[in-house]
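Data from query38.txt: compact mmCIF, C-alpha atoms and all ligand atoms
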```
# COMPACT_ATOMS: atom_id res chain seq x y z
CA MET A 1 -5.16 22.74 19.18
CA ALA A 2 -4.12 19.29 17.97
CA LYS A 3 -4.86 18.56 14.32
CA ARG A 4 -7.32 15.76 13.61
CA ALA A 5 -6.95 13.11 10.90
CA LEU A 6 -9.21 10.34 9.66
CA ILE A 7 -7.49 7.35 8.03
CA THR A 8 -9.50 4.86 6.00
CA GLY A 9 -7.61 1.55 5.80
CA ILE A 10 -5.96 2.17 9.19
CA THR A 11 -5.70 -1.61 9.76
CA GLY A 12 -3.61 -2.08 6.60
CA GLN A 13 0.16 -1.83 6.12
CA ASP A 14 0.24 1.89 5.24
CA GLY A 15 -2.56 2.82 7.65
CA SER A 16 -0.57 1.49 10.60
CA TYR A 17 2.62 3.40 9.68
CA LEU A 18 0.69 6.58 8.92
CA ALA A 19 -1.19 6.41 12.23
CA GLU A 20 2.15 6.10 14.07
CA LEU A 21 3.56 9.09 12.17
CA LEU A 22 0.52 11.30 12.80
CA LEU A 23 0.46 10.40 16.51
CA ALA A 24 4.15 11.28 16.72
CA ASN A 25 3.31 14.61 15.06
CA GLY A 26 0.73 15.36 17.76
CA TYR A 27 -2.43 14.55 15.78
CA GLN A 28 -5.64 13.14 17.14
CA VAL A 29 -6.12 10.07 14.93
CA PHE A 30 -9.38 8.41 13.86
CA GLY A 31 -9.58 5.25 11.76
CA LEU A 32 -12.36 3.64 9.73
CA VAL A 33 -12.73 -0.10 10.38
CA ARG A 34 -14.97 -2.78 8.89
CA ARG A 35 -17.16 -5.11 10.91
CA SER A 36 -16.03 -8.71 11.04
CA SER A 37 -17.97 -11.75 12.27
CA THR A 38 -14.92 -12.99 14.15
CA PRO A 39 -13.30 -10.85 16.86
CA ALA A 40 -11.11 -8.31 15.04
CA THR A 41 -7.48 -8.42 16.20
CA PHE A 42 -6.34 -5.27 14.37
CA ALA A 43 -2.88 -6.86 14.50
CA ARG A 44 -0.98 -4.02 12.81
CA ILE A 45 -2.33 -1.31 15.13
CA LYS A 46 -2.57 -3.30 18.36
CA HIS A 47 0.34 -1.36 19.89
CA ILE A 48 -1.40 2.01 19.32
CA GLN A 49 -5.05 1.00 19.61
CA ASP A 50 -5.53 2.89 22.87
CA LYS A 51 -4.23 6.06 21.21
CA VAL A 52 -6.57 6.10 18.20
CA THR A 53 -10.35 6.23 17.87
CA LEU A 54 -11.87 3.57 15.63
CA ILE A 55 -15.12 4.26 13.79
CA GLY A 56 -17.17 1.55 12.05
CA GLY A 57 -17.86 1.94 8.34
CA ASP A 58 -17.24 0.65 4.85
CA MET A 59 -16.09 2.22 1.58
CA SER A 60 -19.18 0.77 -0.11
CA ASP A 61 -21.55 2.57 2.26
CA GLN A 62 -22.13 6.32 1.80
CA THR A 63 -23.90 6.93 5.11
CA SER A 64 -21.15 5.34 7.17
CA LEU A 65 -18.50 7.49 5.46
CA GLN A 66 -20.51 10.65 6.06
CA ASN A 67 -21.00 9.68 9.71
CA ALA A 68 -17.28 8.98 10.11
CA ILE A 69 -16.46 12.46 8.89
CA ILE A 70 -19.10 14.06 11.11
CA GLN A 71 -17.79 12.11 14.12
CA ALA A 72 -14.06 12.63 13.52
CA GLU A 73 -14.30 16.31 12.46
CA PRO A 74 -10.96 15.86 10.67
CA ASP A 75 -8.66 18.51 9.25
CA GLU A 76 -7.18 15.82 6.98
CA VAL A 77 -8.59 12.61 5.46
CA TYR A 78 -6.22 9.92 4.14
CA ASN A 79 -8.06 7.46 1.90
CA LEU A 80 -5.97 4.28 2.09
CA ALA A 81 -8.83 1.76 2.09
CA ALA A 82 -9.02 -0.46 -0.98
CA GLN A 83 -9.25 -3.99 -2.26
CA SER A 84 -5.53 -3.67 -2.89
CA PHE A 85 -4.43 -7.07 -4.20
CA VAL A 86 -4.08 -6.95 -7.99
CA GLN A 87 -4.58 -10.72 -8.52
CA THR A 88 -7.91 -10.69 -6.63
CA SER A 89 -9.17 -7.87 -8.83
CA TRP A 90 -9.64 -10.34 -11.70
CA SER A 91 -11.80 -12.67 -9.61
CA GLN A 92 -13.70 -9.78 -7.95
CA PRO A 93 -13.70 -7.01 -10.57
CA VAL A 94 -17.03 -5.40 -9.65
CA PHE A 95 -16.27 -5.40 -5.92
CA THR A 96 -12.84 -3.90 -6.64
CA GLY A 97 -14.40 -1.20 -8.83
CA ASP A 98 -16.94 -0.40 -6.12
CA VAL A 99 -14.56 -0.18 -3.14
CA THR A 100 -11.29 0.93 -4.76
CA GLY A 101 -12.86 3.19 -7.40
CA LEU A 102 -16.35 4.43 -6.49
CA GLY A 103 -15.45 4.47 -2.79
CA VAL A 104 -13.26 7.50 -3.52
CA THR A 105 -16.26 9.44 -4.82
CA ARG A 106 -18.32 8.47 -1.79
CA LEU A 107 -15.65 9.84 0.53
CA LEU A 108 -15.07 13.00 -1.50
CA ASP A 109 -18.81 13.65 -1.63
CA ALA A 110 -19.06 13.21 2.12
CA ILE A 111 -16.27 15.78 2.53
CA ARG A 112 -18.02 18.14 0.12
CA PHE A 113 -21.26 17.96 2.12
CA VAL A 114 -19.84 17.99 5.65
CA ASN A 115 -16.83 20.33 5.32
CA PRO A 116 -15.15 21.11 1.98
CA ARG A 117 -12.17 22.67 3.81
CA ILE A 118 -10.97 19.19 4.83
CA ARG A 119 -7.73 18.22 3.07
CA PHE A 120 -7.89 14.89 1.20
CA TYR A 121 -5.22 12.36 0.22
CA GLN A 122 -5.99 9.62 -2.32
CA ALA A 123 -3.79 6.50 -2.37
CA SER A 124 -3.19 6.27 -6.10
CA SER A 125 -0.87 3.68 -7.58
CA SER A 126 1.87 3.02 -10.11
CA GLU A 127 -0.45 0.24 -11.35
CA MET A 128 -2.19 3.07 -13.25
CA PHE A 129 0.87 3.23 -15.55
CA GLY A 130 0.49 -0.50 -16.31
CA LYS A 131 1.79 -1.09 -19.82
CA VAL A 132 4.13 1.82 -19.44
CA GLN A 133 4.07 4.61 -22.01
CA GLU A 134 7.29 6.22 -20.76
CA VAL A 135 10.37 5.19 -18.74
CA PRO A 136 10.71 6.30 -15.99
CA GLN A 137 7.11 7.10 -15.07
CA ARG A 138 6.38 10.60 -13.80
CA GLU A 139 3.30 12.72 -12.97
CA THR A 140 2.67 13.49 -16.66
CA THR A 141 3.02 9.91 -17.98
CA SER A 142 -0.17 8.56 -19.63
CA PHE A 143 -2.05 5.76 -17.88
CA TYR A 144 -2.54 2.28 -19.36
CA PRO A 145 -3.88 0.09 -16.53
CA ARG A 146 -3.58 -3.69 -16.93
CA SER A 147 -5.94 -5.00 -14.23
CA PRO A 148 -9.41 -4.23 -12.84
CA TYR A 149 -7.51 -2.86 -9.82
CA GLY A 150 -5.46 -0.53 -12.01
CA VAL A 151 -8.61 0.65 -13.82
CA ALA A 152 -10.33 1.37 -10.48
CA LYS A 153 -7.30 3.37 -9.32
CA VAL A 154 -7.36 5.46 -12.52
CA TYR A 155 -10.99 6.31 -11.72
CA GLY A 156 -10.00 7.20 -8.13
CA HIS A 157 -7.19 9.43 -9.41
CA TRP A 158 -9.35 11.37 -11.84
CA ILE A 159 -12.28 11.83 -9.47
CA THR A 160 -9.79 13.30 -6.97
CA VAL A 161 -8.52 15.73 -9.61
CA ASN A 162 -12.12 16.46 -10.60
CA TYR A 163 -13.30 17.31 -7.06
CA ARG A 164 -10.26 19.57 -6.69
CA GLU A 165 -11.10 21.40 -9.91
CA SER A 166 -14.91 21.37 -9.47
CA TYR A 167 -15.21 22.28 -5.81
CA GLY A 168 -11.82 23.70 -4.84
CA ILE A 169 -11.17 20.88 -2.34
CA HIS A 170 -7.52 20.50 -1.24
CA ALA A 171 -7.39 17.03 -2.79
CA THR A 172 -4.14 15.28 -3.69
CA SER A 173 -3.40 12.08 -5.55
CA GLY A 174 -0.20 10.34 -4.46
CA MET A 175 1.00 7.99 -7.21
CA LEU A 176 2.97 5.60 -5.08
CA PHE A 177 5.14 2.82 -6.43
CA ASN A 178 5.32 -0.52 -4.61
CA HIS A 179 6.24 -0.15 -0.96
CA GLU A 180 6.80 -2.94 1.48
CA SER A 181 7.69 -3.70 5.10
CA PRO A 182 7.53 -6.47 7.67
CA ARG A 183 3.82 -5.52 7.95
CA ARG A 184 3.14 -6.22 4.26
CA GLY A 185 0.24 -8.62 3.57
CA ILE A 186 1.46 -12.20 3.14
CA GLU A 187 0.01 -12.56 -0.39
CA PHE A 188 2.19 -9.80 -1.92
CA VAL A 189 5.36 -11.10 -3.54
CA THR A 190 7.97 -9.51 -1.23
CA ARG A 191 6.39 -10.81 1.96
CA LYS A 192 5.46 -14.15 0.39
CA VAL A 193 9.15 -14.59 -0.42
CA THR A 194 10.62 -13.37 2.90
CA TYR A 195 8.17 -15.37 5.05
CA GLN A 196 8.79 -18.56 3.08
CA VAL A 197 12.57 -18.02 3.11
CA ALA A 198 12.36 -17.94 6.91
CA ARG A 199 10.25 -21.13 6.99
CA ILE A 200 12.68 -22.90 4.67
CA LYS A 201 15.72 -21.75 6.66
CA LEU A 202 14.11 -22.99 9.88
CA GLY A 203 13.22 -26.37 8.37
CA LEU A 204 9.43 -25.88 8.12
CA ALA A 205 9.16 -25.84 4.30
CA ASN A 206 11.18 -26.92 1.30
CA GLU A 207 9.84 -24.96 -1.66
CA LEU A 208 8.50 -21.57 -2.75
CA ARG A 209 5.97 -21.47 -5.60
CA LEU A 210 5.88 -18.24 -7.59
CA GLY A 211 4.54 -16.83 -10.85
CA ASN A 212 6.40 -14.44 -13.17
CA LEU A 213 10.03 -13.95 -12.09
CA ASP A 214 10.80 -11.41 -14.83
CA ALA A 215 8.47 -8.61 -13.72
CA GLN A 216 10.35 -5.52 -12.53
CA ARG A 217 9.23 -3.32 -9.68
CA ASP A 218 10.42 -0.14 -8.00
CA TRP A 219 10.24 -1.30 -4.37
CA GLY A 220 10.57 1.09 -1.42
CA PHE A 221 9.91 1.06 2.33
CA ALA A 222 6.35 1.84 3.51
CA GLY A 223 7.61 3.93 6.44
CA ASP A 224 9.23 6.35 3.99
CA TYR A 225 6.13 6.49 1.78
CA VAL A 226 3.63 7.48 4.49
CA ARG A 227 5.90 10.44 5.28
CA ALA A 228 5.36 11.57 1.69
CA MET A 229 1.56 11.32 2.12
CA TRP A 230 1.68 13.64 5.11
CA LEU A 231 4.02 16.09 3.38
CA MET A 232 1.61 16.32 0.43
CA LEU A 233 -1.23 17.53 2.66
CA GLN A 234 1.01 20.19 4.28
CA GLN A 235 1.47 22.00 0.93
CA ASP A 236 -0.38 25.30 0.46
CA GLU A 237 -1.64 24.18 -2.96
CA PRO A 238 -2.81 20.61 -3.69
CA GLU A 239 -0.82 18.83 -6.39
CA ASP A 240 -0.22 15.24 -7.50
CA PHE A 241 3.09 13.48 -6.85
CA VAL A 242 4.93 10.33 -7.90
CA ILE A 243 6.68 8.61 -4.97
CA ALA A 244 9.33 6.04 -5.90
CA THR A 245 12.96 5.09 -5.32
CA GLY A 246 14.01 5.41 -8.98
CA GLU A 247 15.50 1.88 -8.94
CA THR A 248 13.92 -1.24 -10.37
CA HIS A 249 14.60 -4.95 -9.77
CA THR A 250 13.18 -8.22 -11.07
CA VAL A 251 11.24 -10.64 -8.90
CA GLU A 252 14.15 -13.02 -9.50
CA LYS A 253 16.57 -10.50 -7.98
CA LEU A 254 14.25 -10.13 -4.98
CA VAL A 255 14.26 -13.91 -4.52
CA GLU A 256 18.05 -14.15 -4.89
CA THR A 257 18.61 -11.31 -2.38
CA ALA A 258 16.26 -12.84 0.20
CA PHE A 259 17.65 -16.39 -0.01
CA SER A 260 21.28 -15.31 -0.04
CA HIS A 261 20.73 -13.24 3.12
CA VAL A 262 20.31 -16.56 5.00
CA ASP A 263 23.00 -18.35 2.95
CA LEU A 264 20.62 -20.37 0.76
CA ASP A 265 20.65 -20.86 -3.02
CA TRP A 266 17.20 -19.84 -4.34
CA LYS A 267 17.45 -22.14 -7.38
CA GLN A 268 17.09 -25.18 -5.12
CA TYR A 269 13.74 -24.04 -3.71
CA VAL A 270 11.83 -21.84 -6.16
CA LYS A 271 9.29 -23.46 -8.51
CA GLN A 272 7.23 -21.61 -11.07
CA ASP A 273 3.51 -22.22 -10.81
CA PRO A 274 0.91 -21.08 -13.39
CA GLU A 275 -1.53 -20.43 -10.53
CA PHE A 276 0.41 -17.26 -9.73
CA MET A 277 0.63 -15.95 -13.31
CA ARG A 278 -1.68 -13.02 -14.15
CA PRO A 279 -4.03 -12.67 -17.15
CA ALA A 280 -2.19 -9.43 -18.01
CA GLU A 281 1.11 -8.38 -16.46
CA VAL A 282 2.73 -5.07 -15.63
CA ASP A 283 6.26 -5.82 -16.83
CA LEU A 284 8.26 -2.81 -15.70
CA LEU A 285 7.74 -0.07 -13.15
CA ILE A 286 10.32 2.58 -12.32
CA GLY A 287 9.36 5.99 -11.01
CA ASP A 288 10.81 9.46 -11.18
CA ALA A 289 10.11 11.18 -7.85
CA SER A 290 12.11 14.33 -8.61
CA LYS A 291 9.04 16.58 -8.22
CA ALA A 292 8.52 15.23 -4.68
CA GLY A 293 12.22 15.76 -3.99
CA LYS A 294 12.03 19.36 -5.13
CA LEU A 295 8.68 20.47 -3.66
CA LEU A 296 8.32 18.21 -0.61
CA GLY A 297 11.97 17.62 0.22
CA TRP A 298 11.13 13.90 0.22
CA GLU A 299 13.60 11.13 -0.43
CA PRO A 300 13.69 7.44 0.50
CA SER A 301 15.88 6.34 3.43
CA VAL A 302 15.87 2.57 2.81
CA ASN A 303 17.28 0.95 -0.34
CA PHE A 304 16.25 -2.33 -1.98
CA THR A 305 18.82 -4.58 -0.26
CA GLN A 306 18.20 -3.00 3.16
CA LEU A 307 14.45 -3.50 2.65
CA VAL A 308 14.73 -7.18 1.74
CA HIS A 309 17.13 -7.84 4.63
CA MET A 310 14.83 -6.00 7.04
CA MET A 311 11.90 -8.18 5.93
CA VAL A 312 13.81 -11.47 6.05
CA ASP A 313 15.15 -10.65 9.53
CA ALA A 314 11.66 -9.77 10.76
CA ASP A 315 10.21 -13.00 9.33
CA MET A 316 13.02 -15.09 10.85
CA ALA A 317 12.07 -13.63 14.26
CA LEU A 318 8.35 -14.13 13.57
CA VAL A 319 8.68 -17.78 12.48
CA LYS A 320 10.86 -18.56 15.52
CA GLU A 321 8.15 -17.00 17.69
CA GLU A 322 5.46 -19.07 15.93
CA MET A 323 7.53 -22.24 16.50
CA ARG A 324 7.92 -21.40 20.21
CA ALA A 325 4.17 -20.74 20.57
CA GLU A 326 3.36 -24.04 18.83
CA SER A 327 5.70 -26.01 21.06
CA VAL A 328 4.09 -24.45 24.17
CA VAL A 329 0.61 -25.45 22.91
CA SER A 330 1.66 -29.04 22.13
CA ASP A 331 3.45 -29.50 25.53
P1 LIG B 401 -3.58 -3.12 2.60
O1 LIG B 401 -2.54 -3.53 3.59
O2 LIG B 401 -4.23 -4.14 1.75
O3 LIG B 401 -4.73 -2.35 3.43
C1 LIG B 401 -5.97 -2.07 2.86
C2 LIG B 401 -6.87 -1.46 3.91
O4 LIG B 401 -8.15 -1.17 3.30
C3 LIG B 401 -7.17 -2.37 5.13
O5 LIG B 401 -7.20 -1.58 6.29
C4 LIG B 401 -8.55 -2.89 4.80
O6 LIG B 401 -9.31 -3.28 5.95
C5 LIG B 401 -9.18 -1.67 4.18
N1 LIG B 401 -10.37 -1.97 3.39
C6 LIG B 401 -10.49 -2.83 2.34
N2 LIG B 401 -11.74 -2.83 1.86
C7 LIG B 401 -12.45 -1.96 2.63
C8 LIG B 401 -13.80 -1.52 2.63
N3 LIG B 401 -14.70 -2.01 1.77
N4 LIG B 401 -14.18 -0.60 3.54
C9 LIG B 401 -13.28 -0.12 4.46
N5 LIG B 401 -11.99 -0.50 4.51
C10 LIG B 401 -11.58 -1.41 3.60
O7 LIG B 401 -3.01 -2.00 1.63
P2 LIG B 401 -1.72 -1.06 1.79
O8 LIG B 401 -0.55 -1.74 1.18
O9 LIG B 401 -1.65 -0.54 3.16
O10 LIG B 401 -2.09 0.12 0.78
C11 LIG B 401 -2.84 1.25 1.21
C12 LIG B 401 -3.47 1.93 0.01
O11 LIG B 401 -2.44 2.34 -0.90
C13 LIG B 401 -4.41 1.05 -0.81
O12 LIG B 401 -5.42 1.89 -1.32
C14 LIG B 401 -3.53 0.55 -1.94
O13 LIG B 401 -4.33 0.23 -3.06
C15 LIG B 401 -2.68 1.78 -2.18
N6 LIG B 401 -1.35 1.53 -2.74
C16 LIG B 401 -0.52 0.65 -2.13
C17 LIG B 401 0.77 0.46 -2.63
C18 LIG B 401 1.72 -0.52 -1.98
O14 LIG B 401 2.71 -0.87 -2.63
N7 LIG B 401 1.49 -0.92 -0.74
C19 LIG B 401 1.19 1.20 -3.75
C20 LIG B 401 0.33 2.12 -4.32
C21 LIG B 401 -0.95 2.29 -3.80
P3 LIG B 401 -9.29 -4.80 6.54
O15 LIG B 401 -8.10 -4.83 7.46
O16 LIG B 401 -10.59 -4.88 7.22
O17 LIG B 401 -9.12 -5.72 5.37
N1 LIG B 402 1.66 -11.65 -5.35
C1 LIG B 402 2.47 -12.39 -6.09
N2 LIG B 402 2.59 -13.72 -5.82
N3 LIG B 402 3.15 -11.79 -7.11
C2 LIG B 402 3.99 -12.55 -7.83
C3 LIG B 402 4.16 -13.92 -7.59
C4 LIG B 402 3.43 -14.54 -6.54
O1 LIG B 402 3.53 -15.72 -6.27
N4 LIG B 402 5.08 -14.38 -8.48
C5 LIG B 402 5.45 -13.36 -9.25
N5 LIG B 402 4.78 -12.25 -8.87
C6 LIG B 402 4.89 -10.92 -9.52
C7 LIG B 402 3.54 -10.35 -9.96
O2 LIG B 402 3.14 -10.97 -11.18
C8 LIG B 402 3.91 -8.88 -10.10
O3 LIG B 402 4.51 -8.65 -11.35
C9 LIG B 402 4.97 -8.67 -9.01
O4 LIG B 402 5.37 -9.98 -8.58
C10 LIG B 402 4.49 -7.87 -7.81
O5 LIG B 402 3.28 -8.43 -7.35
P1 LIG B 402 2.60 -7.96 -5.95
O6 LIG B 402 3.59 -8.01 -4.87
O7 LIG B 402 1.34 -8.74 -5.79
O8 LIG B 402 2.32 -6.41 -6.18
P2 LIG B 402 1.70 -5.61 -7.42
O9 LIG B 402 2.84 -4.90 -8.08
O10 LIG B 402 0.83 -6.44 -8.25
O11 LIG B 402 0.77 -4.56 -6.67
C11 LIG B 402 1.22 -3.85 -5.51
O12 LIG B 402 1.81 -2.64 -5.89
C12 LIG B 402 0.92 -1.70 -6.50
C13 LIG B 402 1.75 -0.47 -6.86
O13 LIG B 402 2.41 -0.68 -8.07
C14 LIG B 402 0.02 -3.65 -4.59
O14 LIG B 402 0.46 -3.15 -3.35
C15 LIG B 402 -0.97 -2.66 -5.17
O15 LIG B 402 -2.00 -2.38 -4.21
C16 LIG B 402 -0.20 -1.39 -5.51
O16 LIG B 402 -1.06 -0.42 -6.05
```
Written as structure tokens, that's how I'd like the structure from this file.
Ligand code: NAP
Ligand code: GDD
Amino acid sequence: MAKRALITGITGQDGSYLAELLLANGYQVFGLVRRSSTPATFARIKHIQDKVTLIGGDMSDQTSLQNAIIQAEPDEVYNLAAQSFVQTSWSQPVFTGDVTGLGVTRLLDAIRFVNPRIRFYQASSSEMFGKVQEVPQRETTSFYPRSPYGVAKVYGHWITVNYRESYGIHATSGMLFNHESPRRGIEFVTRKVTYQVARIKLGLANELRLGNLDAQRDWGFAGDYVRAMWLMLQQDEPEDFVIATGETHTVEKLVETAFSHVDLDWKQYVKQDPEFMRPAEVDLLIGDASKAGKLLGWEPSVNFTQLVHMMVDADMALVKEEMRAESVVSD
């Protein structure tokens, strides 16, 4: 019989890639979605919407999570839902703590009550390492979060470990470093850069305003990272894993790589703007994913330059499409 999976955050970047992967692996896929007052477009999963079952609910609402688990009868639950934008976590710290942190307990408790044999994946983050205590960061590195988001993720990590140890649930925390794609939200730095590079190249804009150009991140491709999530839940014993490329680059290098891909000099367009500086910064992230390599056989297939080029190419096509649509409307 086909395995069943419930994905919270199915409408997000990772949720869409994971849903595709699980469908390709023969799963019956269920996804938790929030109500919206405007018609929901579910843009990232439009192409597979007829193949998945969407269930209404919210990470802040215990009953809806319990109902989703009763309805989906999943073998595996992937908790990807979160207020995931670090900058917003300073302006909405309590909301972030509720959804990104406490939401994990709500879901784990629903699993405990409905069926403790369900396998659980928690989307933990390299933001937990924050002001890093060790380079590179690995599963045993101490946490030092630097944002309300990072603090909420530390809570989510430890409650996952705690439910594993308290109740014997097959619960895994995946400590994933930054991962990107053409489906990345427009507010995150990679996509903000690649989308604006396309607009500048096509004559629709003439500057790109950014914050800290010195921060270093270990950027990988989201498609590779959802494969790691699935592999983690196929292990006989639940364990926690770091997923990363093992390479780090500055935001400046990202900018240079994106602009040069379309033969532009970034220095002519990029302006620093205090609006995009953070109250506390995570200066350097670089992960050691050797445990995942050894136990899961996981390794990344897309490197930094390929990733940036993939995203610029996709945004060039998207902006051209937007220009065509606009010219049809104005005709
Ligand atoms: P994303 O694109 O921002 O997607 C977040 C998802 O969570 C969306 O589907 C969103 O639904 C949903 N959501 C937000 N608040 C919710 C609530 N109260 N109830 C139910 N659903 C809610 O994030 P992502 O990049 O795919 O990341 C997936 C997960 O991995 C997140 O937990 C993130 O914190 C974590 N993570 C990401 C990275 C990364 O680099 N991408 C690295 C480490 C960890 P709407 O569409 O309705 O907004
Ligand atoms: N978003 C953004 N916008 N970031 C900027 C900008 C800007 O204009 N200018 C510089 N940056 C810097 C940020 O200060 C940060 O150091 C870096 O670019 C990356 O920022 P984001 O792309 O917003 O990602 P993040 O690293 O804060 O968080 C992402 O990765 C985490 C894993 O480490 C998110 O996906 C989190 O959900 C995830 O947990």
>> Around ligand LIG 401 (chain B), which protein and nucleic acid residues have at least one atom no more than 7 Å from it, if we count only C-alpha atoms and all ligand atoms? List them as JSON, numbers by chain.
In response: {"A": [8, 9, 10, 11, 12, 13, 14, 15, 32, 33, 34, 57, 58, 59, 60, 79, 80, 81, 82, 83, 84, 85, 99, 100, 123, 124, 125, 126, 175, 176, 177, 178, 179, 180, 184, 185]}
> What do you get as a ChimeraX atom specification if you pick all residues at most 7 Å from ligand LIG 402 (chain B), counting all atoms listed in the file?
Replying inline: /A:84-87,125-127,176-179,187-190,192,209-213,215-217,251,276-278,281-283
> When distances are computed from only C-alpha atoms, which of A:Ala198, A:Ala258, A:Met1, A:Ala19 shows the smallest separation from Thr305 of chain A?
Replying inline: A:Ala258
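The coordinates place atom CA of Glu239 of chain A at 15.5 Å from atom CA of Val77 of chain A.
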> So what do you get for atom CA of Glu139 of chain A versus atom CA of Leu102 of chain A, distance-wise?
Replying inline: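 Pair atom CA of Glu139 of chain A / atom CA of Leu102 of chain A returns 22.3 Å.
Selecting by distance to (18.1, -3.9, 3.0) with a limit of 12 Å and using only C-alpha atoms, one obtains Glu180, Ser181, Pro182, Trp219, Gly220, Phe221, Leu254, Thr257, Ala258, His261, Ser301, Val302, Asn303, Phe304, Thr305, Gln306, Leu307, Val308, His309, Met310, Met311, Val312, Asp313 and Ala314 of chain A.
When atom CA of Ile111 of chain A is paired with atom CA of Asn162 of chain A, their separation reads 13.8 Å.
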>> Which residues are close to segment 106-108 of chain A, i.e. within 8 Å by only C-alpha atoms, leaving aside same-chain residues fewer than 5 positions away? Reply as a PyMOL selection string.
In response: chain A and resi 59-62+65-66+120+160+163
Padding 4 Å on each side, edges along x, y and z: where is the centre of the box around the listed atoms of segment 222-232 of chain A, and how long are its edges in Å to one decimal? Output it as lines of an AutoDock Vina configuration file.
```
center_x = 5.4
center_y = 9.1
center_z = 3.4
size_x = 15.7
size_y = 22.5
size_z = 14.0
```
> So which residues touch Ser16 of chain A within 10 Å, counting all atoms listed in the file, skipping near sequence neighbours fewer than 6 positions away, as a PyMOL selection string?
Replying inline: chain A and resi 7+9-10+31+42-48+183+222-223+226
> Restricting the calculation to only C-alpha atoms, which member of A:Tyr155, A:Tyr269, A:Phe129, A:Phe241 is positioned closest to Phe143 of chain A?
Replying inline: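 Of A:Tyr155, A:Tyr269, A:Phe129, A:Phe241, the one nearest Phe143 of chain A, counting only C-alpha atoms, is A:Phe129.
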>> For a quick check of understanding, using only C-alpha atoms, which of A:Val114, A:Lys51, A:Lys320, A:Gly156 has the smallest distance to Gly101 of chain A?
In response: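 Ranked by minimum distance to Gly101 of chain A, first place goes to A:Gly156.
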